[in-house]
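As stored in work_30.cif (mmCIF, N, CA and C atoms):
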data_coords
#
loop_
_atom_site.label_atom_id
_atom_site.label_comp_id
_atom_site.auth_asym_id
_atom_site.auth_seq_id
_atom_site.Cartn_x
_atom_site.Cartn_y
_atom_site.Cartn_z
N MET A 1 -39.97 -108.65 171.80
CA MET A 1 -39.82 -108.18 170.45
C MET A 1 -39.82 -106.66 170.47
N THR A 2 -38.93 -106.04 169.74
CA THR A 2 -38.91 -104.59 169.68
C THR A 2 -39.58 -104.15 168.40
N GLY A 3 -40.35 -103.09 168.52
CA GLY A 3 -41.07 -102.62 167.35
C GLY A 3 -41.29 -101.14 167.39
N ILE A 4 -41.94 -100.63 166.38
CA ILE A 4 -42.21 -99.21 166.29
C ILE A 4 -43.14 -98.79 167.41
N ASP A 5 -44.15 -99.61 167.73
CA ASP A 5 -45.03 -99.37 168.87
C ASP A 5 -44.71 -100.46 169.89
N ASP A 6 -44.03 -100.11 170.97
CA ASP A 6 -43.55 -101.11 171.92
C ASP A 6 -44.54 -101.48 173.01
N ASP A 7 -45.79 -100.96 172.95
CA ASP A 7 -46.73 -101.44 173.96
C ASP A 7 -47.27 -102.80 173.52
N ASP A 8 -48.03 -103.45 174.37
CA ASP A 8 -48.47 -104.82 174.10
C ASP A 8 -49.76 -104.90 173.29
N THR A 9 -50.29 -103.79 172.83
CA THR A 9 -51.52 -103.79 172.08
C THR A 9 -51.27 -104.27 170.65
N ASP A 10 -52.02 -105.25 170.21
CA ASP A 10 -51.89 -105.74 168.84
C ASP A 10 -52.72 -104.85 167.94
N ARG A 11 -52.07 -104.11 167.08
CA ARG A 11 -52.75 -103.18 166.19
C ARG A 11 -52.96 -103.77 164.79
N ARG A 12 -52.84 -105.07 164.68
CA ARG A 12 -52.95 -105.75 163.39
C ARG A 12 -54.33 -105.52 162.77
N VAL A 13 -54.35 -105.11 161.51
CA VAL A 13 -55.60 -104.88 160.78
C VAL A 13 -56.11 -106.20 160.21
N HIS A 14 -55.19 -107.04 159.72
CA HIS A 14 -55.55 -108.30 159.08
C HIS A 14 -55.18 -109.46 160.00
N PRO A 15 -56.02 -110.49 160.11
CA PRO A 15 -55.70 -111.63 160.96
C PRO A 15 -54.47 -112.38 160.45
N ARG A 16 -53.70 -112.92 161.38
CA ARG A 16 -52.49 -113.67 161.07
C ARG A 16 -52.84 -115.14 160.84
N VAL A 17 -52.17 -115.76 159.83
CA VAL A 17 -52.38 -117.16 159.49
C VAL A 17 -51.02 -117.85 159.51
N SER A 18 -50.95 -119.06 160.09
CA SER A 18 -49.67 -119.75 160.15
C SER A 18 -49.29 -120.36 158.82
N GLY A 19 -47.95 -120.51 158.60
CA GLY A 19 -47.33 -121.21 157.47
C GLY A 19 -47.92 -120.87 156.13
N PRO A 20 -47.62 -121.61 155.08
CA PRO A 20 -46.71 -122.75 155.04
C PRO A 20 -45.27 -122.30 155.25
N HIS A 21 -44.43 -123.18 155.70
CA HIS A 21 -43.06 -122.81 156.06
C HIS A 21 -42.12 -122.88 154.86
N PHE A 22 -42.35 -122.00 153.88
CA PHE A 22 -41.45 -121.99 152.74
C PHE A 22 -40.33 -120.98 152.96
N TYR A 23 -39.33 -121.06 152.10
CA TYR A 23 -38.15 -120.21 152.24
C TYR A 23 -38.24 -119.01 151.32
N LEU A 24 -37.60 -117.92 151.74
CA LEU A 24 -37.54 -116.69 150.98
C LEU A 24 -36.25 -115.97 151.34
N LEU A 25 -35.98 -114.86 150.69
CA LEU A 25 -34.80 -114.06 151.00
C LEU A 25 -35.26 -112.68 151.48
N VAL A 26 -34.65 -112.19 152.55
CA VAL A 26 -34.91 -110.85 153.07
C VAL A 26 -33.62 -110.07 152.87
N ASP A 27 -33.63 -109.13 151.94
CA ASP A 27 -32.41 -108.41 151.57
C ASP A 27 -31.26 -109.37 151.29
N GLY A 28 -31.56 -110.46 150.60
CA GLY A 28 -30.55 -111.43 150.21
C GLY A 28 -30.18 -112.45 151.26
N GLN A 29 -30.77 -112.34 152.47
CA GLN A 29 -30.49 -113.27 153.55
C GLN A 29 -31.59 -114.32 153.64
N PRO A 30 -31.23 -115.61 153.78
CA PRO A 30 -32.25 -116.66 153.82
C PRO A 30 -33.13 -116.56 155.06
N ALA A 31 -34.40 -116.82 154.84
CA ALA A 31 -35.40 -116.77 155.92
C ALA A 31 -36.49 -117.79 155.60
N ARG A 32 -37.33 -118.04 156.59
CA ARG A 32 -38.43 -118.98 156.45
C ARG A 32 -39.71 -118.30 156.91
N LEU A 33 -40.77 -118.45 156.12
CA LEU A 33 -42.06 -117.88 156.48
C LEU A 33 -42.60 -118.59 157.73
N VAL A 34 -43.05 -117.81 158.71
CA VAL A 34 -43.67 -118.37 159.91
C VAL A 34 -45.17 -118.16 159.85
N ASP A 35 -45.58 -116.93 159.55
CA ASP A 35 -47.00 -116.62 159.41
C ASP A 35 -47.17 -115.45 158.46
N TRP A 36 -48.41 -115.20 158.08
CA TRP A 36 -48.68 -114.13 157.13
C TRP A 36 -50.07 -113.57 157.35
N SER A 37 -50.28 -112.39 156.82
CA SER A 37 -51.60 -111.77 156.76
C SER A 37 -51.63 -111.02 155.45
N PHE A 38 -52.78 -110.45 155.11
CA PHE A 38 -52.84 -109.71 153.86
C PHE A 38 -52.07 -108.39 153.94
N GLY A 39 -51.50 -108.07 155.09
CA GLY A 39 -50.71 -106.86 155.21
C GLY A 39 -49.22 -107.09 155.35
N GLY A 40 -48.80 -108.33 155.66
CA GLY A 40 -47.38 -108.55 155.86
C GLY A 40 -47.05 -109.99 156.20
N LEU A 41 -45.80 -110.21 156.57
CA LEU A 41 -45.29 -111.55 156.84
C LEU A 41 -44.51 -111.57 158.15
N GLY A 42 -44.56 -112.71 158.82
CA GLY A 42 -43.68 -112.99 159.94
C GLY A 42 -42.66 -114.00 159.46
N VAL A 43 -41.37 -113.71 159.60
CA VAL A 43 -40.33 -114.61 159.09
C VAL A 43 -39.30 -114.89 160.18
N ARG A 44 -38.66 -116.03 160.06
CA ARG A 44 -37.56 -116.40 160.94
C ARG A 44 -36.30 -116.40 160.08
N MET A 45 -35.37 -115.52 160.44
CA MET A 45 -34.12 -115.40 159.71
C MET A 45 -33.23 -116.61 160.02
N GLU A 46 -32.63 -117.20 159.00
CA GLU A 46 -31.82 -118.40 159.19
C GLU A 46 -30.52 -118.12 159.92
N PHE A 47 -29.93 -116.93 159.74
CA PHE A 47 -28.63 -116.63 160.34
C PHE A 47 -28.66 -115.38 161.22
N GLY A 48 -29.78 -115.14 161.88
CA GLY A 48 -29.90 -114.00 162.78
C GLY A 48 -30.46 -112.77 162.09
N THR A 49 -30.88 -111.81 162.91
CA THR A 49 -31.53 -110.61 162.38
C THR A 49 -30.54 -109.54 161.95
N GLY A 50 -29.26 -109.72 162.27
CA GLY A 50 -28.24 -108.77 161.81
C GLY A 50 -28.57 -107.35 162.21
N ASP A 51 -28.51 -106.43 161.24
CA ASP A 51 -28.76 -105.02 161.54
C ASP A 51 -30.19 -104.59 161.20
N LEU A 52 -31.10 -105.56 161.01
CA LEU A 52 -32.49 -105.20 160.74
C LEU A 52 -33.08 -104.51 161.97
N ALA A 53 -33.81 -103.44 161.73
CA ALA A 53 -34.40 -102.66 162.83
C ALA A 53 -35.76 -102.16 162.37
N PRO A 54 -36.68 -101.94 163.32
CA PRO A 54 -37.98 -101.38 162.96
C PRO A 54 -37.82 -100.10 162.14
N GLY A 55 -38.57 -100.03 161.06
CA GLY A 55 -38.49 -98.87 160.17
C GLY A 55 -37.59 -99.10 158.96
N SER A 56 -36.75 -100.13 159.01
CA SER A 56 -35.86 -100.44 157.87
C SER A 56 -36.69 -100.88 156.68
N ARG A 57 -36.29 -100.45 155.51
CA ARG A 57 -36.92 -100.92 154.28
C ARG A 57 -36.12 -102.12 153.78
N VAL A 58 -36.84 -103.20 153.43
CA VAL A 58 -36.19 -104.42 152.96
C VAL A 58 -36.91 -104.91 151.70
N SER A 59 -36.20 -105.75 150.97
CA SER A 59 -36.75 -106.39 149.79
C SER A 59 -36.91 -107.88 150.07
N LEU A 60 -38.11 -108.41 149.83
CA LEU A 60 -38.37 -109.83 149.99
C LEU A 60 -38.36 -110.47 148.61
N LEU A 61 -37.65 -111.56 148.47
CA LEU A 61 -37.64 -112.32 147.22
C LEU A 61 -38.29 -113.66 147.52
N ILE A 62 -39.41 -113.92 146.86
CA ILE A 62 -40.24 -115.09 147.17
C ILE A 62 -40.41 -115.94 145.93
N LEU A 63 -40.12 -117.24 146.06
CA LEU A 63 -40.35 -118.19 144.97
C LEU A 63 -41.83 -118.52 144.92
N ARG A 64 -42.45 -118.33 143.75
CA ARG A 64 -43.88 -118.56 143.60
C ARG A 64 -44.20 -120.03 143.52
N ASN A 65 -45.48 -120.38 143.62
CA ASN A 65 -45.94 -121.77 143.62
C ASN A 65 -45.55 -122.56 142.38
N ASP A 66 -45.33 -121.88 141.25
CA ASP A 66 -44.98 -122.62 140.03
C ASP A 66 -43.55 -123.15 140.09
N GLY A 67 -42.78 -122.73 141.10
CA GLY A 67 -41.41 -123.21 141.27
C GLY A 67 -40.40 -122.60 140.31
N GLU A 68 -40.84 -121.64 139.50
CA GLU A 68 -39.96 -121.02 138.51
C GLU A 68 -39.93 -119.50 138.59
N THR A 69 -41.02 -118.91 139.05
CA THR A 69 -41.17 -117.46 139.04
C THR A 69 -40.87 -116.89 140.42
N TRP A 70 -40.12 -115.79 140.44
CA TRP A 70 -39.81 -115.10 141.69
C TRP A 70 -40.53 -113.77 141.72
N THR A 71 -40.97 -113.36 142.90
CA THR A 71 -41.60 -112.06 143.10
C THR A 71 -40.80 -111.28 144.13
N THR A 72 -40.57 -110.02 143.85
CA THR A 72 -39.91 -109.14 144.80
C THR A 72 -40.96 -108.22 145.41
N LEU A 73 -41.00 -108.17 146.74
CA LEU A 73 -41.95 -107.31 147.44
C LEU A 73 -41.18 -106.34 148.33
N ARG A 74 -41.46 -105.06 148.17
CA ARG A 74 -40.86 -104.04 149.04
C ARG A 74 -41.63 -104.03 150.36
N SER A 75 -40.88 -104.02 151.46
CA SER A 75 -41.50 -104.12 152.78
C SER A 75 -40.78 -103.22 153.77
N ILE A 76 -41.45 -103.01 154.90
CA ILE A 76 -40.89 -102.24 156.00
C ILE A 76 -40.86 -103.14 157.23
N VAL A 77 -39.70 -103.21 157.89
CA VAL A 77 -39.60 -103.99 159.12
C VAL A 77 -40.40 -103.29 160.20
N ARG A 78 -41.31 -104.01 160.84
CA ARG A 78 -42.12 -103.45 161.91
C ARG A 78 -41.72 -103.97 163.28
N ARG A 79 -41.25 -105.23 163.34
CA ARG A 79 -40.87 -105.82 164.63
C ARG A 79 -39.65 -106.70 164.42
N VAL A 80 -38.77 -106.73 165.45
CA VAL A 80 -37.58 -107.57 165.42
C VAL A 80 -37.45 -108.24 166.78
N GLU A 81 -37.22 -109.54 166.77
CA GLU A 81 -36.96 -110.30 167.99
C GLU A 81 -35.65 -111.06 167.79
N PRO A 82 -34.51 -110.44 168.11
CA PRO A 82 -33.22 -111.05 167.83
C PRO A 82 -33.03 -112.42 168.47
N GLY A 83 -33.52 -112.63 169.69
CA GLY A 83 -33.35 -113.91 170.37
C GLY A 83 -34.06 -115.06 169.67
N GLU A 84 -35.08 -114.75 168.89
CA GLU A 84 -35.83 -115.76 168.15
C GLU A 84 -35.52 -115.70 166.65
N ASN A 85 -34.63 -114.78 166.26
CA ASN A 85 -34.32 -114.55 164.84
C ASN A 85 -35.58 -114.21 164.05
N ALA A 86 -36.55 -113.57 164.70
CA ALA A 86 -37.84 -113.29 164.08
C ALA A 86 -37.96 -111.83 163.65
N VAL A 87 -38.60 -111.64 162.50
CA VAL A 87 -38.83 -110.31 161.95
C VAL A 87 -40.26 -110.26 161.43
N GLY A 88 -40.96 -109.17 161.72
CA GLY A 88 -42.27 -108.92 161.16
C GLY A 88 -42.17 -107.79 160.16
N VAL A 89 -42.66 -108.01 158.95
CA VAL A 89 -42.59 -106.98 157.93
C VAL A 89 -43.98 -106.64 157.42
N GLU A 90 -44.15 -105.38 157.07
CA GLU A 90 -45.38 -104.90 156.46
C GLU A 90 -45.10 -104.62 155.00
N LEU A 91 -45.98 -105.07 154.13
CA LEU A 91 -45.80 -104.80 152.70
C LEU A 91 -46.00 -103.32 152.43
N GLU A 92 -45.08 -102.72 151.66
CA GLU A 92 -45.23 -101.31 151.31
C GLU A 92 -46.42 -101.10 150.39
N ASP A 93 -46.63 -102.03 149.47
CA ASP A 93 -47.74 -101.93 148.53
C ASP A 93 -48.50 -103.25 148.53
N ALA A 94 -49.62 -103.28 149.24
CA ALA A 94 -50.39 -104.52 149.37
C ALA A 94 -50.84 -105.05 148.01
N ALA A 95 -51.08 -104.17 147.05
CA ALA A 95 -51.50 -104.62 145.73
C ALA A 95 -50.41 -105.44 145.05
N ASP A 96 -49.14 -105.06 145.23
CA ASP A 96 -48.03 -105.84 144.67
C ASP A 96 -47.99 -107.24 145.28
N GLY A 97 -48.30 -107.34 146.57
CA GLY A 97 -48.23 -108.62 147.25
C GLY A 97 -49.48 -109.48 147.13
N PHE A 98 -50.55 -108.92 146.56
CA PHE A 98 -51.82 -109.64 146.53
C PHE A 98 -51.73 -111.01 145.85
N PRO A 99 -51.07 -111.16 144.68
CA PRO A 99 -51.00 -112.50 144.07
C PRO A 99 -50.33 -113.53 144.98
N VAL A 100 -49.27 -113.13 145.67
CA VAL A 100 -48.58 -114.05 146.59
C VAL A 100 -49.49 -114.37 147.77
N MET A 101 -50.16 -113.37 148.32
CA MET A 101 -51.07 -113.60 149.45
C MET A 101 -52.21 -114.54 149.04
N MET A 102 -52.70 -114.41 147.81
CA MET A 102 -53.76 -115.31 147.35
C MET A 102 -53.25 -116.75 147.23
N GLU A 103 -52.00 -116.92 146.80
CA GLU A 103 -51.43 -118.27 146.75
C GLU A 103 -51.32 -118.87 148.15
N LEU A 104 -50.92 -118.04 149.12
CA LEU A 104 -50.84 -118.52 150.51
C LEU A 104 -52.23 -118.86 151.03
N PHE A 105 -53.21 -118.02 150.71
CA PHE A 105 -54.58 -118.26 151.14
C PHE A 105 -55.11 -119.57 150.53
N HIS A 106 -54.85 -119.78 149.25
CA HIS A 106 -55.28 -121.00 148.58
C HIS A 106 -54.63 -122.22 149.24
N HIS A 107 -53.36 -122.11 149.57
CA HIS A 107 -52.65 -123.21 150.24
C HIS A 107 -53.30 -123.52 151.58
N LYS A 108 -53.68 -122.47 152.32
CA LYS A 108 -54.32 -122.66 153.64
C LYS A 108 -55.69 -123.31 153.46
N LEU A 109 -56.45 -122.89 152.48
CA LEU A 109 -57.76 -123.50 152.23
C LEU A 109 -57.63 -124.99 151.90
N ALA A 110 -56.58 -125.35 151.17
CA ALA A 110 -56.37 -126.74 150.81
C ALA A 110 -56.12 -127.61 152.03
N GLU A 111 -55.65 -127.02 153.13
CA GLU A 111 -55.39 -127.78 154.37
C GLU A 111 -56.67 -128.08 155.16
N ILE A 112 -57.71 -127.31 154.89
CA ILE A 112 -58.95 -127.45 155.66
C ILE A 112 -59.72 -128.67 155.18
N GLN A 113 -60.09 -129.53 156.14
CA GLN A 113 -60.89 -130.71 155.84
C GLN A 113 -62.36 -130.35 156.02
N LEU A 114 -63.10 -130.36 154.95
CA LEU A 114 -64.53 -130.07 155.04
C LEU A 114 -65.30 -131.37 155.22
N PRO A 115 -66.38 -131.34 156.01
CA PRO A 115 -67.18 -132.56 156.19
C PRO A 115 -67.82 -132.97 154.86
N ALA A 116 -67.91 -134.26 154.64
CA ALA A 116 -68.49 -134.78 153.39
C ALA A 116 -70.00 -134.73 153.43
#
Can I see the file as structure tokens?
Amino acid sequence: MTGIDDDDTDRRVHPRVSGPHFYLLVDGQPARLVDWSFGGLGVRMEFGTGDLAPGSRVSLLILRNDGETWTTLRSIVRRVEPGENAVGVELEDAADGFPVMMELFHHKLAEIQLPA
């Protein structure tokens, strides 16, 4: 994967969480969520990474849990892996993304089986 910092050190501030694998648009191109953190998203582009490059500014269009409301999040591409069609983006304004991140967090909590 090529990124702004190409060494192997993970500088992630927020832990990464897998799925759910819902669909979204990255600059109008279809993609699927792979993982997320409170700072950004890992997505798999449906038709390749095209001209996306680290440092590019992109707009994410995400369908909210109610199935009717869309949210647009401004993001910066941090990593691109063309062979895997994978892109890592950092949210430009974490406060704008907080409601969506809380929905993802709630979805993840619902998957956890607690002992009775």
All residues 10 Å or closer to Asp51 (chain A), only C-alpha atoms, same chain fewer than 4 positions away omitted, as an MDAnalysis selection string: chainID A and resid 56 80 82
Tell me which of A:Ile112, A:Leu73, A:Leu104, A:Ala86 sits closest to Gly50 (chain A), counting only C-alpha atoms. A:Ala86
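Note that the spacing between CA of Phe22 (chain A) and CA of Thr71 (chain A) amounts to 13.8 Å.
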Residue nearest Glu103 (chain A) - candidates A:Asp35, A:Asp27, A:Asp66, A:Glu46, atoms counted: only C-alpha atoms: A:Asp66
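Residues in contact range of Arg32 (chain A), defined as at most 7 Å between only C-alpha atoms, with sequence neighbours fewer than 5 positions away removed, read His21, Phe22, Tyr23, Leu24, Val43, Arg44 and Met45 of chain A.
You will find CA of His107 (chain A) at 27.6 Å from CA of Arg57 (chain A).
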List as number ranges by chain the protein and nucleic acid residues near Gly83 (chain A), meaning an atom at most 9 Å away when only C-alpha atoms are counted, but skip any in the same chain fewer than 2 places from it. A: 1, 48-49, 81, 85-86
Could you write out as number ranges by chain the residues that the PyMOL selection byres ((chain A and resi 61) around 5) matches in the shown file? A: 24-25, 59-60, 62-63, 71-72
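You will find atom N of Ala94 (chain A) at 22.2 Å from atom N of Gly67 (chain A).
Counting all atoms listed in the file, the residue from A:Gly55, A:Gly97, A:Gly88, A:Gly28 that sits nearest to Leu41 (chain A) is A:Gly88.
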Box for region 54-71 of chain A: with edges along x, y and z, all listed atoms inside and 8 Å added on each side, what are the centre and edge lengths in Å to one decimal, as lines of an AutoDock Vina configuration file?
center_x = -40.9
center_y = -111.0
center_z = 150.9
size_x = 26.1
size_y = 40.3
size_z = 40.8
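Nearest-residue note for Val26 (chain A): choosing from A:Val58, A:Thr69, A:Phe98, A:Ala53, the minimum distance belongs to A:Val58, counting only N, CA and C atoms.
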Reference answer for the PyMOL selection byres ((chain A and resi 78) around 5), as a PyMOL selection string: chain A and resi 3-4+54-55+76-77+79-80+88-90
